[in-house]
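Asks: Data: upload36.cif, mmCIF, C-alpha atoms.
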data_upload
loop_
_atom_site.group_PDB
_atom_site.id
_atom_site.type_symbol
_atom_site.label_atom_id
_atom_site.label_comp_id
_atom_site.auth_asym_id
_atom_site.auth_seq_id
_atom_site.Cartn_x
_atom_site.Cartn_y
_atom_site.Cartn_z
ATOM 1 C CA MET R 1 28.592 103.926 83.158
ATOM 2 C CA LEU R 2 31.575 101.577 83.099
ATOM 3 C CA ILE R 3 30.670 100.434 79.575
ATOM 4 C CA PHE R 4 30.425 104.066 78.397
ATOM 5 C CA SER R 5 33.732 104.964 80.027
ATOM 6 C CA PHE R 6 35.451 101.937 78.536
ATOM 7 C CA GLY R 7 34.079 102.718 75.073
ATOM 8 C CA ARG R 8 35.167 106.321 75.371
ATOM 9 C CA MET R 9 38.630 105.231 76.450
ATOM 10 C CA ILE R 10 38.892 102.955 73.399
ATOM 11 C CA ARG R 11 38.019 105.886 71.112
ATOM 12 C CA VAL R 12 40.641 108.092 72.786
ATOM 13 C CA VAL R 13 43.289 105.405 72.436
ATOM 14 C CA ALA R 14 42.362 104.878 68.779
ATOM 15 C CA PHE R 15 42.607 108.629 68.152
ATOM 16 C CA LEU R 16 46.030 108.810 69.781
ATOM 17 C CA VAL R 17 47.260 105.855 67.722
ATOM 18 C CA CYS R 18 46.089 107.529 64.506
ATOM 19 C CA LEU R 19 47.643 110.842 65.544
ATOM 20 C CA THR R 20 50.962 109.131 66.297
ATOM 21 C CA ALA R 21 50.896 107.419 62.906
ATOM 22 C CA VAL R 22 50.288 110.729 61.128
ATOM 23 C CA LEU R 23 53.061 112.506 63.033
ATOM 24 C CA ALA R 24 55.446 109.611 62.393
ATOM 25 C CA GLN R 25 54.900 110.007 58.629
ATOM 26 C CA ARG R 26 55.512 113.746 58.741
ATOM 27 C CA PRO R 27 59.027 114.499 57.388
ATOM 28 C CA THR R 28 61.628 116.166 59.561
ATOM 29 C CA PRO R 29 64.221 118.632 58.186
ATOM 30 C CA CYS R 30 67.039 116.789 56.443
ATOM 31 C CA GLU R 31 70.698 117.814 56.250
ATOM 32 C CA THR R 32 71.748 119.352 52.957
ATOM 33 C CA PRO R 33 75.153 118.580 51.379
ATOM 34 C CA LEU R 34 77.913 120.803 52.759
ATOM 35 C CA ALA R 35 79.676 121.319 49.426
ATOM 36 C CA TRP R 36 78.312 121.198 45.893
ATOM 37 C CA GLU R 37 78.447 122.804 42.462
ATOM 38 C CA GLY R 38 75.855 123.318 39.795
ATOM 39 C CA ARG R 39 73.860 125.791 37.786
ATOM 40 C CA ALA R 40 70.994 128.013 38.809
ATOM 41 C CA SER R 41 68.605 130.677 37.648
ATOM 42 C CA ALA R 42 67.281 133.622 39.626
ATOM 43 C CA PHE R 43 64.118 135.468 38.639
ATOM 44 C CA ASP R 44 63.595 138.889 40.208
ATOM 45 C CA HIS R 45 59.824 139.405 40.264
ATOM 46 C CA GLY R 46 60.147 143.129 40.941
ATOM 47 C CA GLN R 47 62.432 143.834 37.980
ATOM 48 C CA GLY R 48 61.106 141.081 35.721
ATOM 49 C CA GLN R 49 64.673 139.912 35.097
ATOM 50 C CA ASN R 50 66.015 136.361 34.897
ATOM 51 C CA ASN R 51 69.726 135.587 35.433
ATOM 52 C CA ARG R 52 71.519 132.277 34.908
ATOM 53 C CA PHE R 53 74.747 131.413 36.651
ATOM 54 C CA ARG R 54 77.122 128.695 37.781
ATOM 55 C CA ILE R 55 77.461 128.259 41.513
ATOM 56 C CA SER R 56 80.000 126.669 43.854
ATOM 57 C CA TYR R 57 78.962 126.380 47.483
ATOM 58 C CA ASP R 58 81.042 125.514 50.539
ATOM 59 C CA ALA R 59 78.946 125.645 53.713
ATOM 60 C CA GLU R 60 81.652 124.477 56.102
ATOM 61 C CA ASN R 61 84.005 127.346 55.190
ATOM 62 C CA ARG R 62 81.201 129.829 54.470
ATOM 63 C CA ARG R 63 82.207 130.402 50.842
ATOM 64 C CA ARG R 64 80.138 130.853 47.697
ATOM 65 C CA ARG R 65 81.082 131.669 44.111
ATOM 66 C CA ILE R 66 78.542 132.765 41.538
ATOM 67 C CA LEU R 67 79.620 133.121 37.910
ATOM 68 C CA GLU R 68 77.028 134.760 35.688
ATOM 69 C CA GLU R 69 76.548 132.983 32.374
ATOM 70 C CA ILE R 70 77.120 135.302 29.441
ATOM 71 C CA ASP R 71 73.874 135.803 27.525
ATOM 72 C CA ALA R 72 74.167 136.674 23.845
ATOM 73 C CA PHE R 73 70.612 138.026 23.881
ATOM 74 C CA THR R 74 71.605 140.960 26.112
ATOM 75 C CA PRO R 75 74.400 142.706 24.188
ATOM 76 C CA GLY R 76 76.260 145.412 26.051
ATOM 77 C CA ARG R 77 75.423 144.027 29.469
ATOM 78 C CA GLU R 78 78.267 143.534 31.945
ATOM 79 C CA PHE R 79 78.591 140.087 33.498
ATOM 80 C CA TYR R 80 80.207 139.460 36.859
ATOM 81 C CA GLU R 81 81.710 136.884 39.151
ATOM 82 C CA TYR R 82 80.591 137.115 42.787
ATOM 83 C CA LEU R 83 82.936 135.662 45.378
ATOM 84 C CA GLU R 84 81.472 135.630 48.876
ATOM 85 C CA ILE R 85 83.800 134.915 51.806
ATOM 86 C CA GLY R 86 81.703 134.590 54.935
ATOM 87 C CA SER R 87 84.634 134.786 57.345
ATOM 88 C CA GLU R 88 85.458 138.234 55.957
ATOM 89 C CA HIS R 89 81.823 139.354 55.675
ATOM 90 C CA ARG R 90 82.595 140.440 52.143
ATOM 91 C CA ILE R 91 81.450 139.840 48.583
ATOM 92 C CA TYR R 92 84.019 140.475 45.860
ATOM 93 C CA VAL R 93 82.368 141.544 42.600
ATOM 94 C CA ILE R 94 84.686 140.969 39.642
ATOM 95 C CA SER R 95 83.969 142.065 36.066
ATOM 96 C CA GLN R 96 84.322 139.161 33.641
ATOM 97 C CA THR R 97 85.384 141.665 30.944
ATOM 98 C CA THR R 98 87.900 143.932 32.665
ATOM 99 C CA GLY R 99 88.793 142.018 35.836
ATOM 100 C CA GLN R 100 88.062 145.109 37.909
ATOM 101 C CA CYS R 101 86.952 144.370 41.443
ATOM 102 C CA GLN R 102 84.446 145.970 43.786
ATOM 103 C CA ILE R 103 83.997 145.029 47.427
ATOM 104 C CA ARG R 104 80.622 144.834 49.146
ATOM 105 C CA GLU R 105 79.840 144.159 52.766
ATOM 106 C CA SER R 106 78.019 140.888 53.497
ATOM 107 C CA PRO R 107 76.548 140.971 57.016
ATOM 108 C CA GLU R 108 75.495 137.301 57.118
ATOM 109 C CA PHE R 109 76.324 134.240 55.042
ATOM 110 C CA ARG R 110 73.064 132.620 53.950
ATOM 111 C CA LEU R 111 73.139 128.835 53.982
ATOM 112 C CA TYR R 112 71.268 126.615 51.530
ATOM 113 C CA GLU R 113 69.741 124.503 54.269
ATOM 114 C CA ILE R 114 66.468 123.703 56.008
ATOM 115 C CA PRO R 115 66.232 125.427 59.399
ATOM 116 C CA SER R 116 65.618 123.039 62.292
ATOM 117 C CA ASP R 117 62.384 124.891 63.120
ATOM 118 C CA ALA R 118 61.133 125.003 59.516
ATOM 119 C CA THR R 119 57.488 124.277 58.704
ATOM 120 C CA PHE R 120 56.771 121.345 56.390
ATOM 121 C CA GLU R 121 54.533 122.646 53.603
ATOM 122 C CA GLY R 122 54.061 119.502 51.539
ATOM 123 C CA ALA R 123 55.585 117.102 49.020
ATOM 124 C CA TYR R 124 55.384 116.794 45.248
ATOM 125 C CA THR R 125 56.950 114.837 42.407
ATOM 126 C CA ILE R 126 58.985 116.285 39.548
ATOM 127 C CA GLY R 127 59.218 114.288 36.336
ATOM 128 C CA TYR R 128 57.307 111.438 34.748
ATOM 129 C CA GLY R 129 57.291 107.749 35.640
ATOM 130 C CA LEU R 130 59.397 105.898 38.184
ATOM 131 C CA ASP R 131 62.680 106.187 36.274
ATOM 132 C CA GLU R 132 62.436 109.892 35.449
ATOM 133 C CA SER R 133 60.992 111.437 38.590
ATOM 134 C CA PHE R 134 61.930 112.332 42.143
ATOM 135 C CA GLU R 135 60.112 113.538 45.230
ATOM 136 C CA VAL R 136 60.577 117.044 46.596
ATOM 137 C CA HIS R 137 59.765 118.219 50.127
ATOM 138 C CA GLU R 138 58.834 121.857 50.537
ATOM 139 C CA TRP R 139 59.668 123.822 53.693
ATOM 140 C CA SER R 140 59.145 127.372 54.922
ATOM 141 C CA ASP R 141 59.904 129.704 57.819
ATOM 142 C CA ARG R 142 56.198 130.474 58.224
ATOM 143 C CA VAL R 143 56.114 129.792 61.976
ATOM 144 C CA ALA R 144 59.646 130.804 62.973
ATOM 145 C CA ALA R 145 59.587 134.168 61.170
ATOM 146 C CA GLY R 146 56.014 135.061 62.061
ATOM 147 C CA ARG R 147 55.343 135.576 58.373
ATOM 148 C CA LEU R 148 56.464 133.774 55.230
ATOM 149 C CA THR R 149 59.873 135.096 54.110
ATOM 150 C CA TRP R 150 61.383 131.894 52.678
ATOM 151 C CA LEU R 151 60.018 128.826 50.873
ATOM 152 C CA GLY R 152 62.408 126.078 49.755
ATOM 153 C CA GLY R 153 62.157 122.749 47.967
ATOM 154 C CA PHE R 154 64.676 119.934 48.561
ATOM 155 C CA THR R 155 64.906 116.417 47.170
ATOM 156 C CA ALA R 156 63.490 113.863 49.594
ATOM 157 C CA ARG R 157 66.306 111.350 49.065
ATOM 158 C CA SER R 158 69.502 113.454 49.107
ATOM 159 C CA CYS R 159 68.245 116.782 50.507
ATOM 160 C CA VAL R 160 69.628 118.681 47.507
ATOM 161 C CA PRO R 161 68.128 122.156 46.944
ATOM 162 C CA VAL R 162 65.737 122.342 43.992
ATOM 163 C CA SER R 163 64.172 125.764 44.345
ATOM 164 C CA GLU R 164 63.538 128.591 46.781
ATOM 165 C CA VAL R 165 61.502 131.775 46.959
ATOM 166 C CA ILE R 166 62.816 134.660 49.039
ATOM 167 C CA PHE R 167 60.044 137.094 49.927
ATOM 168 C CA LYS R 168 61.310 140.610 50.597
ATOM 169 C CA THR R 169 57.864 142.083 51.248
ATOM 170 C CA ASN R 170 55.430 140.178 49.009
ATOM 171 C CA ILE R 171 55.350 137.990 45.881
ATOM 172 C CA THR R 172 55.811 141.006 43.581
ATOM 173 C CA ASN R 173 58.967 141.908 45.485
ATOM 174 C CA SER R 174 60.629 138.512 45.711
ATOM 175 C CA ILE R 175 63.277 136.342 44.068
ATOM 176 C CA THR R 176 62.789 132.768 42.866
ATOM 177 C CA ASN R 177 65.874 130.564 42.524
ATOM 178 C CA HIS R 178 65.999 127.222 40.704
ATOM 179 C CA PHE R 179 68.958 124.841 41.087
ATOM 180 C CA TYR R 180 69.961 122.111 38.636
ATOM 181 C CA ASP R 181 72.923 120.029 37.354
ATOM 182 C CA ILE R 182 74.085 119.641 40.972
ATOM 183 C CA THR R 183 77.214 117.588 41.701
ATOM 184 C CA GLY R 184 78.770 116.934 45.098
ATOM 185 C CA GLY R 185 82.034 118.509 46.236
ATOM 186 C CA ILE R 186 84.178 121.337 44.859
ATOM 187 C CA SER R 187 86.090 120.447 41.682
ATOM 188 C CA ASP R 188 88.648 123.270 42.050
ATOM 189 C CA PRO R 189 89.126 124.815 45.534
ATOM 190 C CA ASN R 190 91.267 127.574 43.979
ATOM 191 C CA ILE R 191 88.154 129.323 42.706
ATOM 192 C CA PHE R 192 87.686 130.654 46.249
ATOM 193 C CA ILE R 193 91.027 132.472 46.227
ATOM 194 C CA VAL R 194 90.392 136.218 46.172
ATOM 195 C CA PRO R 195 92.003 137.775 43.062
ATOM 196 C CA THR R 196 94.960 140.073 43.525
ATOM 197 C CA ALA R 197 93.000 142.975 42.037
ATOM 198 C CA CYS R 198 90.610 142.760 44.974
ATOM 199 C CA ARG R 199 93.412 142.942 47.559
ATOM 200 C CA GLN R 200 94.995 146.142 46.272
#
Could you take the file, read its structure, and then write that structure out as structure tokens?

Replies:
Amino acid sequence: MLIFSFGRMIRVVAFLVCLTAVLAQRPTPCETPLAWEGRASAFDHGQGQNNRFRISYDAENRRRRILEEIDAFTPGREFYEYLEIGSEHRIYVISQTTGQCQIRESPEFRLYEIPSDATFEGAYTIGYGLDESFEVHEWSDRVAAGRLTWLGGFTARSCVPVSEVIFKTNITNSITNHFYDITGGISDPNIFIVPTACRQ
């Protein structure tokens, strides 16, 4: 009986050691950069429409500027600048053609970050070879939200956003964002100044 108990205890200890090793290798949510600029694309699965834009993001001051890139393949379409000021709970929508401004309410400023209670979904590599590739960790709100409403990919080394899918109801009613050409910091803080036309 003592031999059996000792052998069983060894197996339990071995299992716990293996479990600890697995959990130790499991990534934990990293901290994304607080301020960055870059380019992005947003594909609306419901409308079948893809938009490209430049983005400036300031998490600390809850500010975001999105400047739609003018597309010559869609003549007659109006392109806008979106200036979101989280402290005011407002989004200023400015026409790039006329400069006219509309004001929309923004109930909550959405951060490009990994929630502390996010679920790790897996890792993958983008690119080819050691010199032209990087590892991406994918996270979701599967557990925290009760159902999957957000899925985001971030670089393993610098925690820079690569992509995200925002599920409104299902995959056919969702938006996929891709981020690229990211640089740290804000090159011109004046871009967050609300235009005079929006204050009148």

Asks: Please provide the set of residues having any atom within 7 Å of stretch 39-50 of chain R, restricted to only C-alpha atoms, with same-chain residues fewer than 6 positions apart removed, written as an MDAnalysis selection string.

Replies: chainID R and resid 172:182

Asks: What gap, in Å, lies between atom CA of R:Ala35 and atom CA of R:Asp117?

Replies: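 Answer for the atom CA of R:Ala35 to atom CA of R:Asp117 separation: 22.3 Å.
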
Asks: Using the chain letters and numbers from the file, which residues does the PyMOL selection byres ((chain R and resi 88) around 12) grab, as a ChimeraX atom specification?

Replies: /R:61-63,83-87,89-92,103-109,194

Asks: Create the file for the chosen residues now, containing C-alpha atoms and written as a PDB file, keeping the file's coordinate frame.

Replies:
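Written out: selection-v5.pdb:
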ATOM      1  CA  ASN R  61      84.005 127.346  55.190  1.00  0.00           C
ATOM      2  CA  ARG R  62      81.201 129.829  54.470  1.00  0.00           C
ATOM      3  CA  ARG R  63      82.207 130.402  50.842  1.00  0.00           C
ATOM      4  CA  LEU R  83      82.936 135.662  45.378  1.00  0.00           C
ATOM      5  CA  GLU R  84      81.472 135.630  48.876  1.00  0.00           C
ATOM      6  CA  ILE R  85      83.800 134.915  51.806  1.00  0.00           C
ATOM      7  CA  GLY R  86      81.703 134.590  54.935  1.00  0.00           C
ATOM      8  CA  SER R  87      84.634 134.786  57.345  1.00  0.00           C
ATOM      9  CA  HIS R  89      81.823 139.354  55.675  1.00  0.00           C
ATOM     10  CA  ARG R  90      82.595 140.440  52.143  1.00  0.00           C
ATOM     11  CA  ILE R  91      81.450 139.840  48.583  1.00  0.00           C
ATOM     12  CA  TYR R  92      84.019 140.475  45.860  1.00  0.00           C
ATOM     13  CA  ILE R 103      83.997 145.029  47.427  1.00  0.00           C
ATOM     14  CA  ARG R 104      80.622 144.834  49.146  1.00  0.00           C
ATOM     15  CA  GLU R 105      79.840 144.159  52.766  1.00  0.00           C
ATOM     16  CA  SER R 106      78.019 140.888  53.497  1.00  0.00           C
ATOM     17  CA  PRO R 107      76.548 140.971  57.016  1.00  0.00           C
ATOM     18  CA  GLU R 108      75.495 137.301  57.118  1.00  0.00           C
ATOM     19  CA  PHE R 109      76.324 134.240  55.042  1.00  0.00           C
ATOM     20  CA  VAL R 194      90.392 136.218  46.172  1.00  0.00           C
TER      21      VAL R 194
END

Asks: What does the distance from atom CA of R:Ile191 to atom CA of R:Arg65 come to in Å, to one decimal?

Replies: 7.6 Å

Asks: Please indicate the distance in Å from atom CA of R:Trp139 to atom CA of R:Gly122, rounded to one decimal place.

Replies: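 Pair atom CA of R:Trp139 / atom CA of R:Gly122 returns 7.4 Å.
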
Asks: Once the PyMOL selection byres ((chain R and resi 161) around 9) is applied to the coordinates I shared, what remains selected? I want it as a list of chain:residue names.

Replies: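 Given this file, the PyMOL selection byres ((chain R and resi 161) around 9) evaluates to R:Thr32, R:Tyr112, R:Glu113, R:Gly152, R:Gly153, R:Phe154, R:Thr155, R:Cys159, R:Val160, R:Val162, R:Ser163, R:Glu164, R:His178, R:Phe179, R:Tyr180, R:Ile182.
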
Asks: Find the spatial neighbours of R:Ile186, counting all atoms listed in the file, within a cut-off of 12 Å - ignore same-chain residues fewer than 2 positions away - and output them as a PDB file with C-alpha atoms, in the frame of the given file.

Replies:
ATOM      1  CA  PRO R  33      75.153 118.580  51.379  1.00  0.00           C
ATOM      2  CA  LEU R  34      77.913 120.803  52.759  1.00  0.00           C
ATOM      3  CA  ALA R  35      79.676 121.319  49.426  1.00  0.00           C
ATOM      4  CA  TRP R  36      78.312 121.198  45.893  1.00  0.00           C
ATOM      5  CA  GLU R  37      78.447 122.804  42.462  1.00  0.00           C
ATOM      6  CA  GLY R  38      75.855 123.318  39.795  1.00  0.00           C
ATOM      7  CA  ILE R  55      77.461 128.259  41.513  1.00  0.00           C
ATOM      8  CA  SER R  56      80.000 126.669  43.854  1.00  0.00           C
ATOM      9  CA  TYR R  57      78.962 126.380  47.483  1.00  0.00           C
ATOM     10  CA  ASP R  58      81.042 125.514  50.539  1.00  0.00           C
ATOM     11  CA  ALA R  59      78.946 125.645  53.713  1.00  0.00           C
ATOM     12  CA  GLU R  60      81.652 124.477  56.102  1.00  0.00           C
ATOM     13  CA  ASN R  61      84.005 127.346  55.190  1.00  0.00           C
ATOM     14  CA  ARG R  63      82.207 130.402  50.842  1.00  0.00           C
ATOM     15  CA  ARG R  64      80.138 130.853  47.697  1.00  0.00           C
ATOM     16  CA  ARG R  65      81.082 131.669  44.111  1.00  0.00           C
ATOM     17  CA  ILE R 182      74.085 119.641  40.972  1.00  0.00           C
ATOM     18  CA  THR R 183      77.214 117.588  41.701  1.00  0.00           C
ATOM     19  CA  GLY R 184      78.770 116.934  45.098  1.00  0.00           C
ATOM     20  CA  ASP R 188      88.648 123.270  42.050  1.00  0.00           C
ATOM     21  CA  PRO R 189      89.126 124.815  45.534  1.00  0.00           C
ATOM     22  CA  ASN R 190      91.267 127.574  43.979  1.00  0.00           C
ATOM     23  CA  ILE R 191      88.154 129.323  42.706  1.00  0.00           C
ATOM     24  CA  PHE R 192      87.686 130.654  46.249  1.00  0.00           C
TER      25      PHE R 192
END

Asks: Would you compute, for all listed atoms of stretch 151-155 of chain R, the axis-aligned bounding box grown by 3 Å on each side, and then report its centre and edge lengths in Å rounded to one decimal, as AutoDock Vina command-line options?

Replies:
--center_x 62.5 --center_y 122.6 --center_z 49.0 --size_x 10.9 --size_y 18.4 --size_z 9.7

Asks: Please write the residues picked by the PyMOL selection byres ((chain R and resi 195) around 9) on this file as a PDB file with C-alpha atoms, keeping the file's coordinate frame.

Replies:
ATOM      1  CA  TYR R  92      84.019 140.475  45.860  1.00  0.00           C
ATOM      2  CA  ILE R  94      84.686 140.969  39.642  1.00  0.00           C
ATOM      3  CA  GLY R  99      88.793 142.018  35.836  1.00  0.00           C
ATOM      4  CA  CYS R 101      86.952 144.370  41.443  1.00  0.00           C
ATOM      5  CA  PHE R 192      87.686 130.654  46.249  1.00  0.00           C
ATOM      6  CA  ILE R 193      91.027 132.472  46.227  1.00  0.00           C
ATOM      7  CA  VAL R 194      90.392 136.218  46.172  1.00  0.00           C
ATOM      8  CA  THR R 196      94.960 140.073  43.525  1.00  0.00           C
ATOM      9  CA  ALA R 197      93.000 142.975  42.037  1.00  0.00           C
ATOM     10  CA  CYS R 198      90.610 142.760  44.974  1.00  0.00           C
ATOM     11  CA  ARG R 199      93.412 142.942  47.559  1.00  0.00           C
TER      12      ARG R 199
END

Asks: What's around R:Trp150 at 6 Å? Count only C-alpha atoms, leave out sequence neighbours fewer than 4 positions away in its own chain, and write the answer as a list of chain:residue names.

Replies: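 Contacts, with the query itself left out: R:Ser140, R:Asp141, R:Val165, R:Ile166.
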
Asks: Pick out the closest residue to R:Ser95 from this set: R:Ala118, R:Ile126, R:Ala156, R:Leu67. Count all atoms listed in the file.

Replies: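 Closest to R:Ser95 of all the choices is R:Leu67.
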
Asks: Show me the residues close to (60.9, 118.2, 63.4) - anything with an atom within 10 Å, counting all atoms listed in the file - and format the list as a ChimeraX atom specification.

Replies: /R:23,26-30,115-120

Asks: Nearest to R:Val143: which of R:Leu130, R:Glu121, R:Thr169, R:Glu81 is it, counting only C-alpha atoms?

Replies: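 The closest residue to R:Val143 is R:Glu121.
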